[in-house]
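Everything on this sheet refers to the single structure shown next.
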There are 2 protein chains.
Amino acid sequence: MNDIQKVLVVDDEAQITRVLRHSLAAHRYDVRTAADGISGLETFHDWQPDLIITDLQMPEMDGIEFCREVRKHSNLPIIVLSVRGEEKTKVAALDAGADDYVTKPFGIDELLARVRAALRRSPDAHDGGEAALIDGDFQIDLSGRQVIVRGDAVRLTPKEYDLLVFLFRNRGKVITHRTILSAIWGGNFTEQTEYLRVFVGQLRKKVEKDPSSPKYIRTEPWVGYRFVAAE
Amino acid sequence: MNDIQKVLVVDDEAQITRVLRHSLAAHRYDVRTAADGISGLETFHDWQPDLIITDLQMPEMDGIEFCREVRKHSNLPIIVLSVRGEEKTKVAALDAGADDYVTKPFGIDELLARVRAALRRSPDAHDGGEAALIDGDFQIDLSGRQVIVRGDAVRLTPKEYDLLVFLFRNRGKVITHRTILSAIWGGNFTEQTEYLRVFVGQLRKKVEKDPSSPKYIRTEPWVGYRFVAAE
DNA sequence: CGACCCTTTATGAACATTTTATGAAAGCTT
DNA sequence: AAGCTTTCATAAAATGTTCATAAAGGGTCG
């Protein structure tokens with residue numbers, strides 16, 4: 001888990017997203033916004049946020065449907081915003097997987113407190129599961145934030161760990177440099193491929209038996225990297 | 001976790017407790033009520049409920065103080081009810097450890113949905129608060145609030161004890177500084193990592209055989225701490 | 001007052017991240 | 001195939017952050 005938490009705001013009203021982006025950023029959250037459910041889901045998959053704040057009425061896909069889609073892949077906290085105060089809607093949203101429901105207009109301090117409460121309760125929400133075995137030699141314990149290689153626990157720095165987990169979560173697929181940088185370092189670092197090389201190198205040294213011919217973290221020339229799990 | 005979930009309702013207005021008891025019981029919850037914070041805490045300790053619903057204004061001990069007390073021993077979901085709509089109060093309650101805040105008057109269906117949402121999110125079966133053996137040298141007696149190291153009882157200050165118990169409850173996992181601070185000191189202290197260092201240092205001096213190379217309370221650089229129990 | 005606990009502050013050491021530099025490998029062009 | 005260009009991997013310096021510890025200041029309760 002990062003020290004700095006990632007919040008995805010999904011709303012079609014630019015006014016709302018602007019306010020939220022500003023307030024959340026001022027409180028040291030890493031914020032991204034999406035204008036509708038479809039692009040919200042995209043950002044969710046690429047960026048793996050720690051919390052989602054979503055409007056209920058949106059074009060293309062409404063908030064309830066959006067919750068359901070997100071819940072298929074993760075149980076990270078979702079806070080729903082809406083003007084509608086009807087009880088049925090609230091119940092539907094909460095039962096669709098939302099964790100909290102805030103009616104507009106809302107006080108920004110209250111929302112921030114609810115964000116804190118939601119995050120506190122789920123320190124690592126998007127760790128879908130407990131331990132994940134890759135093969136006999138290599139084991140990742142998501143909930144314990146621990147990596148075991150050939151029996152020994154390996155000490156990874158935060159960025160190294162984030163990188164490894166991100167690669168692992170997308171195992172099998174090729175992931176572009178851009179995508180990785182955006183997910184681990186944030187949207188302003190998508191050109192810093194040097195970082196990536198350095199950290200991939202360090203990871204391989206700590207995790208691979210023979211770092212010069214890697215088994216798990218393969219490089220896909222001209223494109224990016226691919227994490228391969230023996231299965 | 002039991003099939004049937006236990007809900008504790010704390011409120012001094014008999015009207016409210018009656019309605020809640022009735023509605024919750026109708027949905028197959030096991031319900032108990034308490035009229036103030038003190039007896040609420042008692043029932044909490046004796047009965048170990050899965051969720052707490054509490055009013056904010058009560059005689060003896062207000063809802064915020066009550067949240068804090070409960071949080072010292074457990075992180076079960078807490079839903080706060082109140083007539084006061086002031087934002088500051090909401091923020092204070094949420095930062096004191098509440099998971100949700102519902103303003104009266106509320107629809108019973110909404111409250112039930114929020115109860116479902118809170119319970120869905122909380123994987124913690126109530127952890128029995130009895131004695132816990134860590135290994136031959138180190139023993140924590142939760143119900144007796146006592147710690148024994150190599151045969152001798154160790155005197156711990158309140159914060160030291162709370163910290164130790166919190167680490168122990170999350171043993172095996174890495175816990176971030178933020179999470180610990182939020183749990184022990186409350187939501188307004190999540191940046192005071194100095195506190196943490198001081199208290200971890202004191203704990204190690206009292207509990208570890210060799211404080212400079214700790215066996216139980218490991219530091220996970222840049223992330224937090226991990227409590228390791230011998231197996 | 002005095003004991004005790006909690007909160008601050010200060011400091012050197014340990015550590016992670018960012019930057020820069022360099023050589024090797026891979027594709028493209030002619 | 002030779003030469004040019006882009007990309008990859010690693011090492012090592014520079015920068016900034018966090019750790020542990022000691023010790024001082026402040027509050028509280030009897």
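Ordered as shown in the structure tokens, chains take letters A, B, and onward, while each chain numbers its residues from 1 and ligands are numbered from 1 in the order shown.
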
**Prompt:** Computed after least-squares fitting of chain A to chain B on all C-alpha atoms in order, what is the RMSD in Å?
**Reply:**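 After least-squares fitting, the two copies differ by 14.6 Å C-alpha RMSD.
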
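Applying a distance limit of 8 Å to only C-alpha atoms, the residues of chain A near chain B read Asn2, Asp3, Glu87, Lys88, Lys90, Val91, Leu94, Asp95, Gly97, Ala98, Asp99, Asp100, Gly107, Asp109, Glu110, Ala113, Arg114, Arg116, Ala117, Ala118, Arg120, Arg121, Pro123, Ser143, Gly144, Arg145, Thr157 and Pro158 of chain A.
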
**Asked** Between CA of Leu156 in chain A and CA of Val165 in chain B, what is the distance, to one decimal in Å?
**Response**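 CA of Val165 in chain B lies 26.3 Å from CA of Leu156 in chain A.
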
**Request:** Work out how far apart CA of Tyr29 in chain A and CA of Ile4 in chain A are and give it in Å to one decimal.
**Result:** 6.0 Å

**Item:** Shell of 12 Å around range 28-30 of chain D, only C-alpha atoms (C1' of nucleotides), local chain residues under 5 positions omitted, as a PyMOL selection string
**Value:** chain C and resi 1-6

**Prompt:** Residues of range 49-210 of chain B in helix (DSSP H, G or I) according to DSSP, as a PyMOL selection string?
**Reply:** chain B and resi 63-73+87-95+108-121+158-169+177-184+187-189+193-207
